[in-house]
Every structure is written in C-alpha cells, then in structure tokens.
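Accompanying notes for the structure given below.
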Amino acid sequence: MTAPFVSKPMAVEEQWLDFNGHLNMAYYNVLFDRGVDQLGAFLGFGPAYRERTGNTTFSAEFHLCYLRELHLGDEVTASFQLLDYDAKSFHFYQELIHPDGWISATGEGVGLHIDQNGPRVAPMPEEILAKFAELSDAHSGLPRPERVGRIMGLRRK
C-alpha cells in the first residue's frame with residue numbers, strides 16, 4: 001500500500017465541462033469519488049461487499065478547495081490519505097494531482113459505514129477494520145496536510 005494511496009490516471013470528459021470551458025465544480029467530486037473507489041478493492045468495499053452484507057459507505061461531509069482549473073483531456077490522479085478512523089467512520093484527505101505535479105483541488109471528508117437495512121451507521125466487520133489498521137500504519141508517517149480542518153468564511157481585514 002502506498003502512502004498516500006494514489007489512483008490510476010483519470011481524464012476530464014467533455015460532458016463535464018461548464019460554459020466557461022473548464023471542469024464543472026460537481027465533477028471534481030466525481031474524480032475524487034472515482035479515485036477512492038479504486039481504494040475500495042483494498043479495503044474490501046464495493047458492489048460485491050454491498051451485495052454480500054447489505055452494508056456500504058456513505059459520505060457524511062466533504063470540504064472541497066478548488067486550486068487550479070482543469071480542462072478537456074487533462075488527466076489527474078486522486079490521492080487518499082487516511083487521517084483517522086474508528087469502528088463506524090473514517091476521516092480522510094484527498095488531492096487531484098496533474099501529471100506535471102500541480103494540485104488542482106483538495107478534499108477533506110468523513111465517511112460512514114452504513115447498514116442499509118436501517119439505514120443506520122453500523123460497525124465495520126473485523127476484516128475491514130484490519131485493512132483500515134494497515135492503511136493507518138502506512139499513512140501514520142505522513143505529515144498532516146495543511147488544508148485539513150479549514151474553516152469556511154469571509155476574511156475580514
């Protein structure tokens with residue numbers, strides 16, 4: 001497991017562009033989500049897990065910062081750094097990284113493990129918690145990203 005996890009490259013699609021000719025704000029979330037889906041196989045999440053157990057993950061909160069525009073055909077990878085977790089939830093940080101090394105956007109989120117019979121927040125099974133422990137160990141030496149815990153508001157001088 002890499003620290004942080006980095007997805008395979010993903011390209012900006014034409015239908016994702018807004019009237020300004022750059023990536024519409026909603027699709028930054030799509031790229032972050034597709035990137036974390038690639039991590040799902042390692043953790044044990046995904047469609048097969050949902051079918052087998054009736055459990056899945058939901059986003060509880062996600063803060064996105066737009067740093068630099070993306071355009072048609074631009075490729076990015078999505079990183080994922082686990083910041084914390086417990087039996088029912090996990091806190092993480094992501095970046096959309098252009099092949100030239102610049103960061104297009106950052107995201108910070110909280111995910112929940114959900115029993116869809118409720119639906120309600122429910123504990124993860126031991127085998128998934130073991131994967132979170134492995135991921136936490138791999139990411140424990142990473143510095144805490146500067147953008148984690150940002151407060152939104154207007155800056156007054």
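Lettering and numbering for the structure tokens are positional, with chains as A, B, ... in the shown order, residues counted from 1 in each chain, and ligands counted from 1 in the shown order.
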Taking only C-alpha atoms into account, produce a table as JSON lines in which each residue of region 12-74 of chain A with an atom at most 12 Å from an atom of region 149-156 of chain A appears once, together with its shortest atom pair and the distance in Å to one decimal, ordered by chain and rising number.
{"residue": "A:Phe62", "atom": "CA", "partner": "A:Gly149", "partner_atom": "CA", "distance": 11.1}
{"residue": "A:His63", "atom": "CA", "partner": "A:Arg150", "partner_atom": "CA", "distance": 8.5}
{"residue": "A:Leu64", "atom": "CA", "partner": "A:Arg150", "partner_atom": "CA", "distance": 10.1}
{"residue": "A:Cys65", "atom": "CA", "partner": "A:Arg150", "partner_atom": "CA", "distance": 9.6}
Could you give me, as CSV, every region 77-113 of chain A residue with an atom at most 9 Å from region 16-33 of chain A, plus its closest atom pair and distance in Å to one decimal, counting only C-alpha atoms, rows ordered by chain then number?
residue,atom,partner,partner_atom,distance
A:Thr77,CA,A:Leu31,CA,8.3
A:Ala78,CA,A:Phe32,CA,5.9
A:Ser79,CA,A:Phe32,CA,8.2
A:Phe80,CA,A:Phe32,CA,8.8
A:Gln94,CA,A:Phe32,CA,7.2
A:Glu95,CA,A:Phe32,CA,7.8
A:Leu96,CA,A:Phe32,CA,7.2
A:Ala105,CA,A:Tyr28,CA,7.6
A:Thr106,CA,A:Phe32,CA,8.9
A:Gly107,CA,A:Phe32,CA,7.8
Could those residues be written to a file, using C-alpha atoms, as a PDB file, in the first residue's frame?
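As a result, selection-v8.pdb now contains:
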ATOM      1  CA  THR A  77      -4.732  11.121 -10.175  1.00  0.00           C
ATOM      2  CA  ALA A  78      -6.590  11.223  -6.873  1.00  0.00           C
ATOM      3  CA  SER A  79      -4.644  10.688  -3.693  1.00  0.00           C
ATOM      4  CA  PHE A  80      -6.176   9.401  -0.458  1.00  0.00           C
ATOM      5  CA  GLN A  94      -7.506  13.844  -0.959  1.00  0.00           C
ATOM      6  CA  GLU A  95      -5.757  15.760  -3.741  1.00  0.00           C
ATOM      7  CA  LEU A  96      -6.334  15.827  -7.501  1.00  0.00           C
ATOM      8  CA  ALA A 105      -8.147  20.557  -5.859  1.00  0.00           C
ATOM      9  CA  THR A 106      -8.091  19.211  -2.330  1.00  0.00           C
ATOM     10  CA  GLY A 107     -10.826  17.491  -0.387  1.00  0.00           C
TER      11      GLY A 107
END
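The smallest atom-to-atom distance between Ala87 (chain A) and any of A:Gly118, A:Gly111, A:Pro9, A:Pro4, using only C-alpha atoms, is found for A:Gly111.
For the choices A:Ile103, A:Val148, A:Leu43, A:Ile114, the atom-to-atom distance to Ala133 (chain A) is smallest for A:Leu43 when using only C-alpha atoms.
Residue nearest Trp102 (chain A), chosen from A:Lys157, A:Glu69, A:Gln15, A:Arg50 and counting only C-alpha atoms: A:Glu69.
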Using DSSP secondary structure from the backbone, list all strand (DSSP E or B) positions within region 42-109 of chain A, as an mmCIF file with all heavy atoms, in the first residue's frame.
data_model
loop_
_atom_site.group_PDB
_atom_site.id
_atom_site.type_symbol
_atom_site.label_atom_id
_atom_site.label_comp_id
_atom_site.auth_asym_id
_atom_site.auth_seq_id
_atom_site.Cartn_x
_atom_site.Cartn_y
_atom_site.Cartn_z
ATOM 1 N N ASN A 55 -24.287 -3.870 3.537
ATOM 2 C CA ASN A 55 -23.615 -2.691 4.081
ATOM 3 C C ASN A 55 -22.876 -1.953 2.970
ATOM 4 O O ASN A 55 -22.502 -2.536 1.963
ATOM 5 C CB ASN A 55 -22.617 -3.088 5.169
ATOM 6 C CG ASN A 55 -23.291 -3.716 6.361
ATOM 7 O OD1 ASN A 55 -24.413 -3.411 6.697
ATOM 8 N ND2 ASN A 55 -22.592 -4.630 7.011
ATOM 9 N N THR A 56 -22.633 -0.672 3.200
ATOM 10 C CA THR A 56 -21.926 0.152 2.240
ATOM 11 C C THR A 56 -21.318 1.341 2.969
ATOM 12 O O THR A 56 -21.322 1.381 4.200
ATOM 13 C CB THR A 56 -22.882 0.605 1.103
ATOM 14 O OG1 THR A 56 -22.114 1.212 0.060
ATOM 15 C CG2 THR A 56 -23.940 1.572 1.602
ATOM 16 N N THR A 57 -20.798 2.294 2.225
ATOM 17 C CA THR A 57 -20.304 3.530 2.827
ATOM 18 C C THR A 57 -21.066 4.709 2.239
ATOM 19 O O THR A 57 -21.477 4.683 1.076
ATOM 20 C CB THR A 57 -18.794 3.730 2.584
ATOM 21 O OG1 THR A 57 -18.538 3.746 1.179
ATOM 22 C CG2 THR A 57 -17.980 2.630 3.245
ATOM 23 N N PHE A 58 -21.270 5.725 3.058
ATOM 24 C CA PHE A 58 -21.872 6.992 2.651
ATOM 25 C C PHE A 58 -20.911 8.108 3.043
ATOM 26 O O PHE A 58 -20.168 7.974 4.025
ATOM 27 C CB PHE A 58 -23.181 7.268 3.395
ATOM 28 C CG PHE A 58 -24.379 6.464 2.976
ATOM 29 C CD1 PHE A 58 -24.337 5.500 1.984
ATOM 30 C CD2 PHE A 58 -25.590 6.695 3.607
ATOM 31 C CE1 PHE A 58 -25.468 4.773 1.636
ATOM 32 C CE2 PHE A 58 -26.719 5.987 3.259
ATOM 33 C CZ PHE A 58 -26.675 5.027 2.267
ATOM 34 N N SER A 59 -20.969 9.194 2.319
ATOM 35 C CA SER A 59 -20.248 10.403 2.721
ATOM 36 C C SER A 59 -21.104 11.159 3.723
ATOM 37 O O SER A 59 -22.288 11.387 3.494
ATOM 38 C CB SER A 59 -19.990 11.316 1.516
ATOM 39 O OG SER A 59 -18.942 10.819 0.748
ATOM 40 N N ALA A 60 -20.498 11.567 4.827
ATOM 41 C CA ALA A 60 -21.194 12.376 5.820
ATOM 42 C C ALA A 60 -20.895 13.859 5.611
ATOM 43 O O ALA A 60 -21.744 14.714 5.854
ATOM 44 C CB ALA A 60 -20.778 11.963 7.228
ATOM 45 N N GLU A 61 -19.661 14.138 5.158
ATOM 46 C CA GLU A 61 -19.233 15.527 4.979
ATOM 47 C C GLU A 61 -18.039 15.528 4.035
ATOM 48 O O GLU A 61 -17.229 14.617 4.061
ATOM 49 C CB GLU A 61 -18.830 16.111 6.334
ATOM 50 C CG GLU A 61 -18.543 17.567 6.340
ATOM 51 C CD GLU A 61 -18.393 18.130 7.752
ATOM 52 O OE1 GLU A 61 -18.649 17.425 8.742
ATOM 53 O OE2 GLU A 61 -18.008 19.304 7.845
ATOM 54 N N PHE A 62 -17.964 16.572 3.194
ATOM 55 C CA PHE A 62 -16.827 16.691 2.284
ATOM 56 C C PHE A 62 -16.583 18.167 2.012
ATOM 57 O O PHE A 62 -17.495 18.882 1.600
ATOM 58 C CB PHE A 62 -17.083 15.941 0.973
ATOM 59 C CG PHE A 62 -15.843 15.735 0.151
ATOM 60 C CD1 PHE A 62 -14.932 14.748 0.484
ATOM 61 C CD2 PHE A 62 -15.572 16.526 -0.945
ATOM 62 C CE1 PHE A 62 -13.775 14.547 -0.255
ATOM 63 C CE2 PHE A 62 -14.423 16.340 -1.702
ATOM 64 C CZ PHE A 62 -13.525 15.342 -1.349
ATOM 65 N N HIS A 63 -15.369 18.632 2.270
ATOM 66 C CA HIS A 63 -14.958 20.020 2.024
ATOM 67 C C HIS A 63 -13.985 20.027 0.860
ATOM 68 O O HIS A 63 -12.949 19.367 0.921
ATOM 69 C CB HIS A 63 -14.284 20.611 3.253
ATOM 70 C CG HIS A 63 -15.177 20.709 4.437
ATOM 71 N ND1 HIS A 63 -14.874 21.494 5.513
ATOM 72 C CD2 HIS A 63 -16.370 20.137 4.725
ATOM 73 C CE1 HIS A 63 -15.834 21.398 6.414
ATOM 74 N NE2 HIS A 63 -16.744 20.570 5.958
ATOM 75 N N LEU A 64 -14.306 20.776 -0.181
ATOM 76 C CA LEU A 64 -13.505 20.802 -1.388
ATOM 77 C C LEU A 64 -12.931 22.195 -1.592
ATOM 78 O O LEU A 64 -13.638 23.189 -1.432
ATOM 79 C CB LEU A 64 -14.407 20.423 -2.576
ATOM 80 C CG LEU A 64 -13.708 19.990 -3.840
ATOM 81 C CD1 LEU A 64 -14.589 18.993 -4.580
ATOM 82 C CD2 LEU A 64 -13.430 21.150 -4.739
ATOM 83 N N CYS A 65 -11.657 22.266 -1.911
ATOM 84 C CA CYS A 65 -10.997 23.537 -2.248
ATOM 85 C C CYS A 65 -10.513 23.449 -3.692
ATOM 86 O O CYS A 65 -9.773 22.527 -4.044
ATOM 87 C CB CYS A 65 -9.796 23.789 -1.335
ATOM 88 S SG CYS A 65 -10.233 24.081 0.379
ATOM 89 N N TYR A 66 -10.928 24.410 -4.505
ATOM 90 C CA TYR A 66 -10.512 24.473 -5.907
ATOM 91 C C TYR A 66 -9.265 25.338 -5.990
ATOM 92 O O TYR A 66 -9.278 26.491 -5.578
ATOM 93 C CB TYR A 66 -11.621 25.101 -6.761
ATOM 94 C CG TYR A 66 -12.952 24.409 -6.602
ATOM 95 C CD1 TYR A 66 -13.921 24.903 -5.730
ATOM 96 C CD2 TYR A 66 -13.238 23.255 -7.317
ATOM 97 C CE1 TYR A 66 -15.136 24.271 -5.583
ATOM 98 C CE2 TYR A 66 -14.455 22.612 -7.169
ATOM 99 C CZ TYR A 66 -15.400 23.127 -6.304
ATOM 100 O OH TYR A 66 -16.602 22.492 -6.163
ATOM 101 N N GLU A 75 -5.491 15.075 -17.436
ATOM 102 C CA GLU A 75 -5.501 13.873 -16.608
ATOM 103 C C GLU A 75 -5.075 14.235 -15.198
ATOM 104 O O GLU A 75 -4.246 15.130 -15.002
ATOM 105 C CB GLU A 75 -4.554 12.810 -17.166
ATOM 106 C CG GLU A 75 -5.088 12.102 -18.365
ATOM 107 C CD GLU A 75 -4.326 10.818 -18.673
ATOM 108 O OE1 GLU A 75 -3.212 10.608 -18.147
ATOM 109 O OE2 GLU A 75 -4.877 10.025 -19.450
ATOM 110 N N VAL A 76 -5.657 13.546 -14.243
ATOM 111 C CA VAL A 76 -5.267 13.707 -12.843
ATOM 112 C C VAL A 76 -5.291 12.335 -12.183
ATOM 113 O O VAL A 76 -5.938 11.402 -12.661
ATOM 114 C CB VAL A 76 -6.213 14.659 -12.071
ATOM 115 C CG1 VAL A 76 -6.084 16.085 -12.559
ATOM 116 C CG2 VAL A 76 -7.649 14.189 -12.113
ATOM 117 N N THR A 77 -4.580 12.244 -11.087
ATOM 118 C CA THR A 77 -4.732 11.121 -10.175
ATOM 119 C C THR A 77 -5.348 11.677 -8.897
ATOM 120 O O THR A 77 -5.239 12.877 -8.614
ATOM 121 C CB THR A 77 -3.379 10.454 -9.851
ATOM 122 O OG1 THR A 77 -2.479 11.453 -9.345
ATOM 123 C CG2 THR A 77 -2.788 9.781 -11.074
ATOM 124 N N ALA A 78 -6.001 10.820 -8.155
ATOM 125 C CA ALA A 78 -6.590 11.223 -6.873
ATOM 126 C C ALA A 78 -5.836 10.509 -5.762
ATOM 127 O O ALA A 78 -5.742 9.279 -5.758
ATOM 128 C CB ALA A 78 -8.072 10.873 -6.820
ATOM 129 N N SER A 79 -5.304 11.294 -4.849
ATOM 130 C CA SER A 79 -4.644 10.688 -3.693
ATOM 131 C C SER A 79 -5.673 10.495 -2.579
ATOM 132 O O SER A 79 -6.752 11.099 -2.585
ATOM 133 C CB SER A 79 -3.501 11.569 -3.197
ATOM 134 O OG SER A 79 -4.016 12.771 -2.644
ATOM 135 N N PHE A 80 -5.326 9.649 -1.630
ATOM 136 C CA PHE A 80 -6.176 9.401 -0.458
ATOM 137 C C PHE A 80 -5.246 9.179 0.723
ATOM 138 O O PHE A 80 -4.402 8.285 0.684
ATOM 139 C CB PHE A 80 -7.056 8.164 -0.667
ATOM 140 C CG PHE A 80 -7.949 7.844 0.500
ATOM 141 C CD1 PHE A 80 -9.270 8.264 0.503
ATOM 142 C CD2 PHE A 80 -7.475 7.119 1.578
ATOM 143 C CE1 PHE A 80 -10.106 7.956 1.581
ATOM 144 C CE2 PHE A 80 -8.294 6.807 2.661
ATOM 145 C CZ PHE A 80 -9.613 7.230 2.660
ATOM 146 N N GLN A 81 -5.399 10.008 1.746
ATOM 147 C CA GLN A 81 -4.635 9.853 2.983
ATOM 148 C C GLN A 81 -5.615 9.650 4.125
ATOM 149 O O GLN A 81 -6.456 10.519 4.388
ATOM 150 C CB GLN A 81 -3.772 11.087 3.250
ATOM 151 C CG GLN A 81 -2.959 10.981 4.521
ATOM 152 C CD GLN A 81 -2.063 12.191 4.759
ATOM 153 O OE1 GLN A 81 -1.818 12.982 3.853
ATOM 154 N NE2 GLN A 81 -1.581 12.339 5.972
ATOM 155 N N LEU A 82 -5.513 8.521 4.789
ATOM 156 C CA LEU A 82 -6.348 8.254 5.959
ATOM 157 C C LEU A 82 -5.803 9.057 7.134
ATOM 158 O O LEU A 82 -4.620 8.955 7.476
ATOM 159 C CB LEU A 82 -6.335 6.759 6.291
ATOM 160 C CG LEU A 82 -7.220 6.333 7.453
ATOM 161 C CD1 LEU A 82 -8.699 6.586 7.144
ATOM 162 C CD2 LEU A 82 -6.986 4.858 7.775
ATOM 163 N N LEU A 83 -6.660 9.875 7.731
ATOM 164 C CA LEU A 83 -6.261 10.695 8.871
ATOM 165 C C LEU A 83 -6.641 10.054 10.198
ATOM 166 O O LEU A 83 -5.912 10.169 11.183
ATOM 167 C CB LEU A 83 -6.891 12.090 8.768
ATOM 168 C CG LEU A 83 -6.533 12.880 7.507
ATOM 169 C CD1 LEU A 83 -7.388 14.139 7.415
ATOM 170 C CD2 LEU A 83 -5.054 13.226 7.500
ATOM 171 N N ASP A 84 -7.792 9.386 10.234
ATOM 172 C CA ASP A 84 -8.273 8.773 11.466
ATOM 173 C C ASP A 84 -9.420 7.825 11.108
ATOM 174 O O ASP A 84 -10.026 7.951 10.045
ATOM 175 C CB ASP A 84 -8.766 9.855 12.432
ATOM 176 C CG ASP A 84 -8.907 9.373 13.872
ATOM 177 O OD1 ASP A 84 -8.481 8.238 14.181
ATOM 178 O OD2 ASP A 84 -9.452 10.131 14.687
ATOM 179 N N TYR A 85 -9.706 6.905 11.983
ATOM 180 C CA TYR A 85 -10.849 6.012 11.788
ATOM 181 C C TYR A 85 -11.260 5.431 13.124
ATOM 182 O O TYR A 85 -10.496 5.433 14.099
ATOM 183 C CB TYR A 85 -10.516 4.896 10.784
ATOM 184 C CG TYR A 85 -9.622 3.816 11.348
ATOM 185 C CD1 TYR A 85 -10.155 2.613 11.796
ATOM 186 C CD2 TYR A 85 -8.243 4.003 11.456
ATOM 187 C CE1 TYR A 85 -9.332 1.627 12.320
ATOM 188 C CE2 TYR A 85 -7.426 3.029 11.970
ATOM 189 C CZ TYR A 85 -7.978 1.836 12.398
ATOM 190 O OH TYR A 85 -7.176 0.865 12.930
ATOM 191 N N SER A 89 -16.563 4.872 11.240
ATOM 192 C CA SER A 89 -16.329 6.023 10.364
ATOM 193 C C SER A 89 -14.846 6.215 10.082
ATOM 194 O O SER A 89 -13.995 5.628 10.742
ATOM 195 C CB SER A 89 -16.921 7.284 10.990
ATOM 196 O OG SER A 89 -16.367 7.522 12.264
ATOM 197 N N PHE A 90 -14.561 7.076 9.094
ATOM 198 C CA PHE A 90 -13.176 7.369 8.754
ATOM 199 C C PHE A 90 -13.062 8.805 8.229
ATOM 200 O O PHE A 90 -13.964 9.323 7.582
ATOM 201 C CB PHE A 90 -12.617 6.358 7.740
ATOM 202 C CG PHE A 90 -13.489 6.124 6.530
ATOM 203 C CD1 PHE A 90 -13.230 6.774 5.333
ATOM 204 C CD2 PHE A 90 -14.565 5.245 6.593
ATOM 205 C CE1 PHE A 90 -14.027 6.557 4.212
ATOM 206 C CE2 PHE A 90 -15.372 5.025 5.481
ATOM 207 C CZ PHE A 90 -15.096 5.683 4.290
ATOM 208 N N HIS A 91 -11.944 9.435 8.566
ATOM 209 C CA HIS A 91 -11.632 10.829 8.198
ATOM 210 C C HIS A 91 -10.455 10.767 7.236
ATOM 211 O O HIS A 91 -9.464 10.099 7.515
ATOM 212 C CB HIS A 91 -11.279 11.599 9.486
ATOM 213 C CG HIS A 91 -10.921 13.022 9.277
ATOM 214 N ND1 HIS A 91 -10.119 13.705 10.179
ATOM 215 C CD2 HIS A 91 -11.238 13.924 8.328
ATOM 216 C CE1 HIS A 91 -9.971 14.958 9.774
ATOM 217 N NE2 HIS A 91 -10.645 15.109 8.640
ATOM 218 N N PHE A 92 -10.568 11.490 6.119
ATOM 219 C CA PHE A 92 -9.546 11.372 5.085
ATOM 220 C C PHE A 92 -9.310 12.694 4.367
ATOM 221 O O PHE A 92 -10.113 13.631 4.459
ATOM 222 C CB PHE A 92 -9.926 10.292 4.074
ATOM 223 C CG PHE A 92 -11.240 10.552 3.371
ATOM 224 C CD1 PHE A 92 -11.283 11.200 2.152
ATOM 225 C CD2 PHE A 92 -12.438 10.141 3.949
ATOM 226 C CE1 PHE A 92 -12.484 11.450 1.507
ATOM 227 C CE2 PHE A 92 -13.654 10.384 3.318
ATOM 228 C CZ PHE A 92 -13.673 11.038 2.096
ATOM 229 N N TYR A 93 -8.199 12.741 3.629
ATOM 230 C CA TYR A 93 -7.795 13.894 2.837
ATOM 231 C C TYR A 93 -7.431 13.416 1.448
ATOM 232 O O TYR A 93 -6.824 12.345 1.291
ATOM 233 C CB TYR A 93 -6.585 14.565 3.496
ATOM 234 C CG TYR A 93 -5.973 15.676 2.683
ATOM 235 C CD1 TYR A 93 -6.551 16.940 2.658
ATOM 236 C CD2 TYR A 93 -4.819 15.458 1.954
ATOM 237 C CE1 TYR A 93 -5.983 17.963 1.906
ATOM 238 C CE2 TYR A 93 -4.245 16.478 1.210
ATOM 239 C CZ TYR A 93 -4.839 17.727 1.191
ATOM 240 O OH TYR A 93 -4.271 18.728 0.447
ATOM 241 N N GLN A 94 -7.799 14.202 0.423
ATOM 242 C CA GLN A 94 -7.506 13.844 -0.959
ATOM 243 C C GLN A 94 -6.957 15.038 -1.730
ATOM 244 O O GLN A 94 -7.218 16.188 -1.365
ATOM 245 C CB GLN A 94 -8.776 13.358 -1.674
ATOM 246 C CG GLN A 94 -9.299 12.041 -1.157
ATOM 247 C CD GLN A 94 -10.505 11.591 -1.951
ATOM 248 O OE1 GLN A 94 -11.619 11.980 -1.643
ATOM 249 N NE2 GLN A 94 -10.267 10.767 -2.970
ATOM 250 N N GLU A 95 -6.227 14.744 -2.796
ATOM 251 C CA GLU A 95 -5.757 15.760 -3.741
ATOM 252 C C GLU A 95 -5.962 15.231 -5.154
ATOM 253 O O GLU A 95 -5.785 14.035 -5.397
ATOM 254 C CB GLU A 95 -4.274 16.064 -3.543
ATOM 255 C CG GLU A 95 -3.950 16.709 -2.218
ATOM 256 C CD GLU A 95 -2.471 16.958 -2.000
ATOM 257 O OE1 GLU A 95 -1.634 16.318 -2.674
ATOM 258 O OE2 GLU A 95 -2.153 17.794 -1.136
ATOM 259 N N LEU A 96 -6.336 16.133 -6.075
ATOM 260 C CA LEU A 96 -6.334 15.827 -7.501
ATOM 261 C C LEU A 96 -5.032 16.379 -8.055
ATOM 262 O O LEU A 96 -4.798 17.590 -8.013
ATOM 263 C CB LEU A 96 -7.531 16.459 -8.213
ATOM 264 C CG LEU A 96 -8.898 15.884 -7.871
ATOM 265 C CD1 LEU A 96 -9.994 16.614 -8.654
ATOM 266 C CD2 LEU A 96 -8.955 14.381 -8.132
ATOM 267 N N ILE A 97 -4.191 15.495 -8.569
ATOM 268 C CA ILE A 97 -2.827 15.853 -8.943
ATOM 269 C C ILE A 97 -2.636 15.692 -10.456
ATOM 270 O O ILE A 97 -2.861 14.613 -11.009
ATOM 271 C CB ILE A 97 -1.813 14.967 -8.189
ATOM 272 C CG1 ILE A 97 -2.086 15.030 -6.685
ATOM 273 C CG2 ILE A 97 -0.379 15.372 -8.523
ATOM 274 C CD1 ILE A 97 -1.479 13.896 -5.890
ATOM 275 N N ILE A 103 -1.393 20.684 -8.043
ATOM 276 C CA ILE A 103 -2.627 20.188 -7.420
ATOM 277 C C ILE A 103 -3.790 21.044 -7.897
ATOM 278 O O ILE A 103 -3.756 22.275 -7.767
ATOM 279 C CB ILE A 103 -2.506 20.198 -5.888
ATOM 280 C CG1 ILE A 103 -1.382 19.254 -5.459
ATOM 281 C CG2 ILE A 103 -3.824 19.804 -5.234
ATOM 282 C CD1 ILE A 103 -0.989 19.389 -4.009
ATOM 283 N N SER A 104 -4.795 20.403 -8.441
ATOM 284 C CA SER A 104 -5.973 21.097 -8.943
ATOM 285 C C SER A 104 -6.983 21.372 -7.832
ATOM 286 O O SER A 104 -7.611 22.424 -7.808
ATOM 287 C CB SER A 104 -6.640 20.276 -10.042
ATOM 288 O OG SER A 104 -7.833 20.880 -10.450
ATOM 289 N N ALA A 105 -7.155 20.416 -6.928
ATOM 290 C CA ALA A 105 -8.147 20.557 -5.859
ATOM 291 C C ALA A 105 -7.759 19.668 -4.690
ATOM 292 O O ALA A 105 -7.042 18.677 -4.860
ATOM 293 C CB ALA A 105 -9.538 20.185 -6.368
ATOM 294 N N THR A 106 -8.255 20.044 -3.519
ATOM 295 C CA THR A 106 -8.091 19.211 -2.330
ATOM 296 C C THR A 106 -9.467 18.940 -1.742
ATOM 297 O O THR A 106 -10.403 19.721 -1.920
ATOM 298 C CB THR A 106 -7.208 19.881 -1.260
ATOM 299 O OG1 THR A 106 -7.851 21.063 -0.784
ATOM 300 C CG2 THR A 106 -5.828 20.216 -1.811
ATOM 301 N N GLY A 107 -9.577 17.836 -1.054
ATOM 302 C CA GLY A 107 -10.826 17.491 -0.387
ATOM 303 C C GLY A 107 -10.548 16.830 0.942
ATOM 304 O O GLY A 107 -9.567 16.105 1.104
ATOM 305 N N GLU A 108 -11.413 17.126 1.885
ATOM 306 C CA GLU A 108 -11.346 16.506 3.210
ATOM 307 C C GLU A 108 -12.725 15.963 3.519
ATOM 308 O O GLU A 108 -13.726 16.669 3.326
ATOM 309 C CB GLU A 108 -10.929 17.530 4.256
ATOM 310 C CG GLU A 108 -10.914 16.992 5.663
ATOM 311 C CD GLU A 108 -10.599 18.058 6.715
ATOM 312 O OE1 GLU A 108 -10.424 19.236 6.355
ATOM 313 O OE2 GLU A 108 -10.537 17.695 7.900
ATOM 314 N N GLY A 109 -12.802 14.721 3.957
ATOM 315 C CA GLY A 109 -14.114 14.133 4.169
ATOM 316 C C GLY A 109 -14.195 13.199 5.346
ATOM 317 O O GLY A 109 -13.185 12.786 5.923
#
Residues of chain A in helix (DSSP H, G or I), written as a ChimeraX atom specification: /A:14-16,25-43,47-53,126-139
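Of the residues under consideration (A:Tyr49, A:Glu14, A:Asp86, A:Gly40), A:Asp86 shows the shortest atom-to-atom contact distance to Ser136 (chain A) when counting only C-alpha atoms.
Computed from the coordinates, the CA of Phe45 (chain A) to CA of Gly141 (chain A) distance equals 24.6 Å.
Taking CA of Leu67 (chain A) as the reference point, CA of Val36 (chain A) is found at 19.8 Å.
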